[in-house]
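Student: run15.txt (compact mmCIF, N, CA and C atoms) pasted underneath:
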```
# COMPACT_ATOMS: atom_id res chain seq x y z
N MET A 1 88.17 117.70 112.92
CA MET A 1 89.06 118.54 112.13
C MET A 1 88.84 118.22 110.65
N ASP A 2 88.74 119.23 109.83
CA ASP A 2 88.56 118.99 108.41
C ASP A 2 89.90 118.65 107.75
N TRP A 3 89.84 118.04 106.57
CA TRP A 3 91.04 117.57 105.88
C TRP A 3 92.01 118.70 105.57
N LEU A 4 91.50 119.81 105.09
CA LEU A 4 92.37 120.91 104.70
C LEU A 4 93.14 121.48 105.91
N ASN A 5 92.44 121.65 107.01
CA ASN A 5 93.08 122.13 108.23
C ASN A 5 94.14 121.13 108.71
N GLY A 6 93.80 119.86 108.67
CA GLY A 6 94.75 118.81 109.07
C GLY A 6 95.97 118.78 108.17
N MET A 7 95.78 118.92 106.87
CA MET A 7 96.91 118.91 105.94
C MET A 7 97.78 120.15 106.10
N ASN A 8 97.19 121.28 106.42
CA ASN A 8 97.98 122.48 106.69
C ASN A 8 98.88 122.28 107.90
N LYS A 9 98.35 121.62 108.93
CA LYS A 9 99.16 121.32 110.12
C LYS A 9 100.28 120.34 109.78
N VAL A 10 99.98 119.38 108.92
CA VAL A 10 100.99 118.42 108.48
C VAL A 10 102.11 119.14 107.73
N MET A 11 101.75 120.04 106.84
CA MET A 11 102.76 120.78 106.07
C MET A 11 103.65 121.61 106.99
N CYS A 12 103.05 122.24 107.99
CA CYS A 12 103.84 123.01 108.96
C CYS A 12 104.80 122.10 109.71
N TYR A 13 104.32 120.93 110.11
CA TYR A 13 105.16 119.97 110.82
C TYR A 13 106.33 119.53 109.94
N ILE A 14 106.06 119.23 108.68
CA ILE A 14 107.12 118.82 107.76
C ILE A 14 108.17 119.92 107.64
N GLU A 15 107.73 121.15 107.43
CA GLU A 15 108.66 122.27 107.27
C GLU A 15 109.53 122.46 108.51
N GLU A 16 108.96 122.28 109.68
CA GLU A 16 109.70 122.47 110.92
C GLU A 16 110.64 121.32 111.23
N ASN A 17 110.47 120.19 110.56
CA ASN A 17 111.24 118.99 110.88
C ASN A 17 111.99 118.42 109.68
N LEU A 18 112.37 119.24 108.72
CA LEU A 18 113.07 118.74 107.54
C LEU A 18 114.39 118.07 107.87
N THR A 19 115.03 118.47 108.94
CA THR A 19 116.31 117.87 109.30
C THR A 19 116.17 116.70 110.28
N ASN A 20 114.95 116.36 110.62
CA ASN A 20 114.68 115.24 111.52
C ASN A 20 114.01 114.11 110.76
N GLN A 21 113.95 112.95 111.40
CA GLN A 21 113.21 111.84 110.82
C GLN A 21 111.71 112.16 110.92
N ILE A 22 111.00 111.97 109.82
CA ILE A 22 109.57 112.23 109.79
C ILE A 22 108.86 110.91 109.51
N ARG A 23 108.06 110.48 110.48
CA ARG A 23 107.36 109.20 110.35
C ARG A 23 105.94 109.43 109.82
N HIS A 24 105.53 108.56 108.93
CA HIS A 24 104.18 108.66 108.35
C HIS A 24 103.11 108.53 109.42
N GLU A 25 103.39 107.74 110.45
CA GLU A 25 102.43 107.57 111.54
C GLU A 25 102.21 108.90 112.27
N SER A 26 103.28 109.66 112.45
CA SER A 26 103.16 110.96 113.11
C SER A 26 102.33 111.92 112.27
N LEU A 27 102.57 111.91 110.98
CA LEU A 27 101.82 112.80 110.08
C LEU A 27 100.35 112.44 110.06
N ALA A 28 100.07 111.14 110.03
CA ALA A 28 98.67 110.69 110.04
C ALA A 28 98.00 111.09 111.35
N GLY A 29 98.73 111.02 112.45
CA GLY A 29 98.20 111.45 113.74
C GLY A 29 97.86 112.92 113.76
N ILE A 30 98.70 113.74 113.16
CA ILE A 30 98.44 115.17 113.08
C ILE A 30 97.18 115.44 112.26
N ALA A 31 97.00 114.66 111.20
CA ALA A 31 95.83 114.82 110.33
C ALA A 31 94.59 114.11 110.89
N CYS A 32 94.76 113.41 112.01
CA CYS A 32 93.66 112.67 112.67
C CYS A 32 93.02 111.63 111.76
N CYS A 33 93.86 110.78 111.19
CA CYS A 33 93.35 109.70 110.34
C CYS A 33 94.35 108.56 110.34
N SER A 34 94.02 107.49 109.64
CA SER A 34 94.94 106.35 109.55
C SER A 34 96.04 106.67 108.55
N VAL A 35 97.12 105.91 108.61
CA VAL A 35 98.23 106.10 107.69
C VAL A 35 97.75 105.88 106.25
N TYR A 36 96.91 104.88 106.06
CA TYR A 36 96.38 104.60 104.72
C TYR A 36 95.58 105.79 104.19
N GLU A 37 94.65 106.29 104.99
CA GLU A 37 93.83 107.44 104.56
C GLU A 37 94.71 108.67 104.31
N PHE A 38 95.65 108.90 105.21
CA PHE A 38 96.53 110.05 105.07
C PHE A 38 97.31 109.97 103.76
N SER A 39 97.89 108.80 103.50
CA SER A 39 98.69 108.64 102.27
C SER A 39 97.88 108.91 101.02
N ARG A 40 96.67 108.41 101.00
CA ARG A 40 95.81 108.61 99.82
C ARG A 40 95.39 110.07 99.66
N VAL A 41 94.99 110.71 100.73
CA VAL A 41 94.57 112.12 100.67
C VAL A 41 95.75 113.02 100.34
N PHE A 42 96.91 112.77 100.96
CA PHE A 42 98.08 113.59 100.69
C PHE A 42 98.46 113.50 99.22
N SER A 43 98.50 112.29 98.68
CA SER A 43 98.83 112.10 97.27
C SER A 43 97.82 112.78 96.36
N PHE A 44 96.56 112.72 96.72
CA PHE A 44 95.51 113.36 95.94
C PHE A 44 95.69 114.88 95.93
N LEU A 45 95.98 115.46 97.09
CA LEU A 45 96.09 116.91 97.20
C LEU A 45 97.38 117.47 96.60
N THR A 46 98.48 116.74 96.72
CA THR A 46 99.76 117.26 96.26
C THR A 46 100.23 116.70 94.93
N GLY A 47 99.63 115.60 94.52
CA GLY A 47 100.05 114.98 93.26
C GLY A 47 101.28 114.11 93.38
N MET A 48 101.72 113.83 94.61
CA MET A 48 102.88 112.97 94.84
C MET A 48 102.78 112.33 96.22
N PRO A 49 103.45 111.21 96.39
CA PRO A 49 103.47 110.57 97.71
C PRO A 49 104.17 111.45 98.73
N VAL A 50 103.84 111.26 99.99
CA VAL A 50 104.42 112.09 101.05
C VAL A 50 105.93 111.93 101.12
N SER A 51 106.46 110.75 100.91
CA SER A 51 107.91 110.55 100.96
C SER A 51 108.61 111.33 99.85
N GLU A 52 108.02 111.41 98.68
CA GLU A 52 108.59 112.18 97.58
C GLU A 52 108.53 113.68 97.89
N TYR A 53 107.44 114.12 98.47
CA TYR A 53 107.31 115.52 98.85
C TYR A 53 108.40 115.91 99.85
N ILE A 54 108.60 115.08 100.86
CA ILE A 54 109.62 115.36 101.88
C ILE A 54 111.01 115.36 101.25
N ARG A 55 111.27 114.42 100.37
CA ARG A 55 112.57 114.34 99.70
C ARG A 55 112.84 115.61 98.90
N ARG A 56 111.85 116.05 98.15
CA ARG A 56 112.02 117.26 97.34
C ARG A 56 112.18 118.51 98.21
N ARG A 57 111.44 118.60 99.30
CA ARG A 57 111.58 119.74 100.19
C ARG A 57 112.97 119.79 100.83
N ARG A 58 113.48 118.63 101.21
CA ARG A 58 114.82 118.58 101.80
C ARG A 58 115.88 119.01 100.78
N LEU A 59 115.75 118.52 99.56
CA LEU A 59 116.71 118.90 98.53
C LEU A 59 116.59 120.37 98.15
N SER A 60 115.39 120.90 98.19
CA SER A 60 115.20 122.33 97.92
C SER A 60 115.80 123.18 99.03
N GLN A 61 115.63 122.75 100.26
CA GLN A 61 116.19 123.48 101.39
C GLN A 61 117.71 123.38 101.40
N ALA A 62 118.23 122.26 100.92
CA ALA A 62 119.68 122.07 100.87
C ALA A 62 120.35 123.11 99.97
N VAL A 63 119.64 123.60 98.97
CA VAL A 63 120.19 124.63 98.08
C VAL A 63 120.64 125.84 98.88
N PHE A 64 119.84 126.27 99.84
CA PHE A 64 120.19 127.44 100.64
C PHE A 64 121.46 127.19 101.46
N ASP A 65 121.57 125.98 102.00
CA ASP A 65 122.76 125.64 102.78
C ASP A 65 124.00 125.57 101.89
N ILE A 66 123.84 125.02 100.70
CA ILE A 66 124.96 124.91 99.77
C ILE A 66 125.42 126.30 99.33
N ARG A 67 124.48 127.14 99.01
CA ARG A 67 124.83 128.50 98.57
C ARG A 67 125.49 129.32 99.67
N ALA A 68 125.09 129.09 100.90
CA ALA A 68 125.69 129.83 102.02
C ALA A 68 127.18 129.51 102.13
N GLY A 69 127.55 128.28 101.77
CA GLY A 69 128.95 127.90 101.74
C GLY A 69 129.62 127.71 103.09
N GLU A 70 128.84 127.68 104.14
CA GLU A 70 129.40 127.56 105.48
C GLU A 70 129.64 126.12 105.91
N GLU A 71 128.92 125.18 105.33
CA GLU A 71 129.03 123.77 105.70
C GLU A 71 129.61 122.97 104.55
N LYS A 72 130.28 121.89 104.89
CA LYS A 72 130.74 120.96 103.85
C LYS A 72 129.52 120.28 103.25
N ILE A 73 129.63 119.89 102.01
CA ILE A 73 128.51 119.24 101.33
C ILE A 73 128.17 117.91 102.00
N VAL A 74 129.16 117.20 102.48
CA VAL A 74 128.89 115.94 103.17
C VAL A 74 128.08 116.19 104.44
N ASP A 75 128.35 117.28 105.13
CA ASP A 75 127.59 117.61 106.34
C ASP A 75 126.16 117.99 106.01
N ILE A 76 125.96 118.66 104.89
CA ILE A 76 124.61 119.00 104.43
C ILE A 76 123.85 117.72 104.07
N ALA A 77 124.55 116.81 103.41
CA ALA A 77 123.93 115.53 103.05
C ALA A 77 123.45 114.79 104.29
N LEU A 78 124.28 114.73 105.30
CA LEU A 78 123.91 114.05 106.54
C LEU A 78 122.78 114.79 107.26
N LYS A 79 122.82 116.09 107.23
CA LYS A 79 121.80 116.92 107.87
C LYS A 79 120.40 116.61 107.33
N TYR A 80 120.31 116.36 106.03
CA TYR A 80 119.02 116.10 105.40
C TYR A 80 118.72 114.61 105.21
N GLY A 81 119.43 113.78 105.95
CA GLY A 81 119.07 112.37 106.03
C GLY A 81 119.70 111.44 105.00
N TYR A 82 120.68 111.90 104.26
CA TYR A 82 121.36 111.03 103.30
C TYR A 82 122.54 110.36 103.98
N GLU A 83 122.75 109.09 103.67
CA GLU A 83 123.80 108.34 104.34
C GLU A 83 125.18 108.55 103.73
N SER A 84 125.21 109.11 102.51
CA SER A 84 126.49 109.38 101.89
C SER A 84 126.39 110.62 101.01
N GLN A 85 127.53 111.20 100.75
CA GLN A 85 127.58 112.37 99.88
C GLN A 85 127.21 111.96 98.45
N THR A 86 127.55 110.75 98.06
CA THR A 86 127.25 110.26 96.72
C THR A 86 125.75 110.16 96.50
N ALA A 87 125.04 109.59 97.46
CA ALA A 87 123.58 109.46 97.34
C ALA A 87 122.93 110.84 97.30
N PHE A 88 123.43 111.75 98.12
CA PHE A 88 122.91 113.11 98.12
C PHE A 88 123.16 113.80 96.79
N ALA A 89 124.38 113.68 96.28
CA ALA A 89 124.73 114.33 95.01
C ALA A 89 123.87 113.79 93.86
N ARG A 90 123.63 112.48 93.87
CA ARG A 90 122.80 111.87 92.82
C ARG A 90 121.37 112.40 92.89
N ALA A 91 120.79 112.44 94.07
CA ALA A 91 119.42 112.93 94.24
C ALA A 91 119.34 114.43 93.92
N PHE A 92 120.34 115.18 94.34
CA PHE A 92 120.38 116.62 94.09
C PHE A 92 120.43 116.91 92.60
N LYS A 93 121.30 116.20 91.90
CA LYS A 93 121.44 116.40 90.45
C LYS A 93 120.17 115.98 89.71
N GLU A 94 119.55 114.92 90.17
CA GLU A 94 118.31 114.45 89.54
C GLU A 94 117.21 115.51 89.65
N LEU A 95 117.13 116.18 90.79
CA LEU A 95 116.09 117.18 91.00
C LEU A 95 116.45 118.54 90.40
N HIS A 96 117.68 118.98 90.58
CA HIS A 96 118.07 120.33 90.19
C HIS A 96 118.83 120.43 88.86
N GLY A 97 119.33 119.30 88.36
CA GLY A 97 120.03 119.31 87.08
C GLY A 97 121.51 119.66 87.16
N VAL A 98 122.02 119.95 88.34
CA VAL A 98 123.45 120.22 88.55
C VAL A 98 123.89 119.55 89.84
N SER A 99 125.18 119.33 89.94
CA SER A 99 125.69 118.72 91.17
C SER A 99 125.74 119.76 92.28
N PRO A 100 125.76 119.33 93.53
CA PRO A 100 125.86 120.29 94.64
C PRO A 100 127.12 121.16 94.55
N LEU A 101 128.23 120.57 94.15
CA LEU A 101 129.47 121.32 94.03
C LEU A 101 129.36 122.39 92.95
N SER A 102 128.75 122.05 91.82
CA SER A 102 128.55 123.04 90.75
C SER A 102 127.62 124.15 91.21
N ALA A 103 126.60 123.80 91.96
CA ALA A 103 125.67 124.81 92.47
C ALA A 103 126.38 125.78 93.40
N ARG A 104 127.33 125.28 94.17
CA ARG A 104 128.08 126.14 95.08
C ARG A 104 129.08 127.01 94.32
N LYS A 105 129.79 126.41 93.38
CA LYS A 105 130.86 127.15 92.68
C LYS A 105 130.31 128.18 91.70
N THR A 106 129.34 127.78 90.90
CA THR A 106 128.87 128.68 89.84
C THR A 106 127.72 129.57 90.27
N GLY A 107 127.04 129.18 91.34
CA GLY A 107 125.89 129.98 91.79
C GLY A 107 124.76 129.95 90.79
N VAL A 108 124.65 128.85 90.06
CA VAL A 108 123.61 128.70 89.04
C VAL A 108 122.23 128.87 89.69
N PHE A 109 121.29 129.42 88.96
CA PHE A 109 119.93 129.64 89.48
C PHE A 109 119.22 128.30 89.57
N LEU A 110 118.71 128.00 90.76
CA LEU A 110 117.98 126.74 90.98
C LEU A 110 116.58 127.05 91.41
```
As a first step, turn the structure in this file into structure tokens.
Tutor:
Amino acid sequence: MDWLNGMNKVMCYIEENLTNQIRHESLAGIACCSVYEFSRVFSFLTGMPVSEYIRRRRLSQAVFDIRAGEEKIVDIALKYGYESQTAFARAFKELHGVSPLSARKTGVFL
């Protein structure tokens, strides 16, 4: 399997499992390489480590859940793997520039 095909499969796996635990070993297995090789190639292709990519994708997906307004913010935080609403709010604000509550109330463009 070539690297590009393997990385496309990895990206699909990440997208399908944003609310689950994603292990680097599993991703490397999908790409048919070692964890070390996978980490280096992924960082080269995306410009960021795989853990940062997953974190950003989860926080980006959380925007849709927050805007829908059907779930409590603490439940959204837990859904995307954060252990507390405070940790989620801090990470969300760092990436998006507003708190989750502000994003829900004002509907600011993110």
Student: May I have the residues within 9 Å of Ala62 of chain A as a list in words, using only C-alpha atoms and disregarding those fewer than 2 positions away in the same chain?
Tutor: Arg57, Arg58, Leu59, Ser60, Phe64, Asp65, Ile66, Arg67, Ile76, Ala77, Lys79, Tyr80, Phe92 and Pro100 of chain A
Student: Around all the atoms of segment 60-64 of chain A listed in the file, draw an axis-aligned box and extend it by 6 Å on each of the six sides; I want its centre and edge lengths in Å to one decimal, as AutoDock Vina command-line options.
Tutor:
```
--center_x 118.3 --center_y 124.2 --center_z 99.7 --size_x 18.3 --size_y 18.5 --size_z 15.5
```
Student: Have a look at A:Val35, A:Leu27, A:Leu95, A:Ile22 and name the one nearest to Gly6 of chain A; count only N, CA and C atoms.
Tutor: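 With only N, CA and C atoms as the atom set, the closest residue is A:Leu27.
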Student: I'd like the contact shell of Ala28 of chain A - 12 Å cut-off, only C-alpha atoms, skipping same-chain residues fewer than 6 positions apart - returned as a list in words.
Tutor: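 Counting only the stated atoms, we get Trp3, Gly6, Met7, Lys9, Val10, Met11, Tyr13, Ile14, Ile22, Ser34, Val35, Tyr36, Glu37, Phe38, Ser39, Arg40, Val41, Phe42 and Val50 of chain A.
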Student: Go through A:Leu18, A:Arg55, A:Gln61, A:Asn8 and flag the residue nearest Ala31 of chain A, using all atoms listed in the file for the distances.
Tutor: A:Asn8
Student: In Å to one decimal, how far is atom N of Thr46 of chain A from atom CA of Ala103 of chain A?
Tutor: 28.7 Å
Student: Where in chain A does DSSP assign alpha helix (DSSP H), given as a ChimeraX atom specification?
Tutor: /A:3-16,24-30,35-46,50-68,73-79,85-96,100-106
Student: Just how far from atom N of Arg104 of chain A is atom C of Glu70 of chain A, in Å to one decimal?
Tutor: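 Atom C of Glu70 of chain A sits 12.0 Å away from atom N of Arg104 of chain A.
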Student: Would you work out the distance separating atom CA of His24 of chain A from atom CA of Ser51 of chain A, expressed in Å to one decimal?
Tutor: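 We find that atom CA of His24 of chain A and atom CA of Ser51 of chain A lie 8.5 Å from each other.
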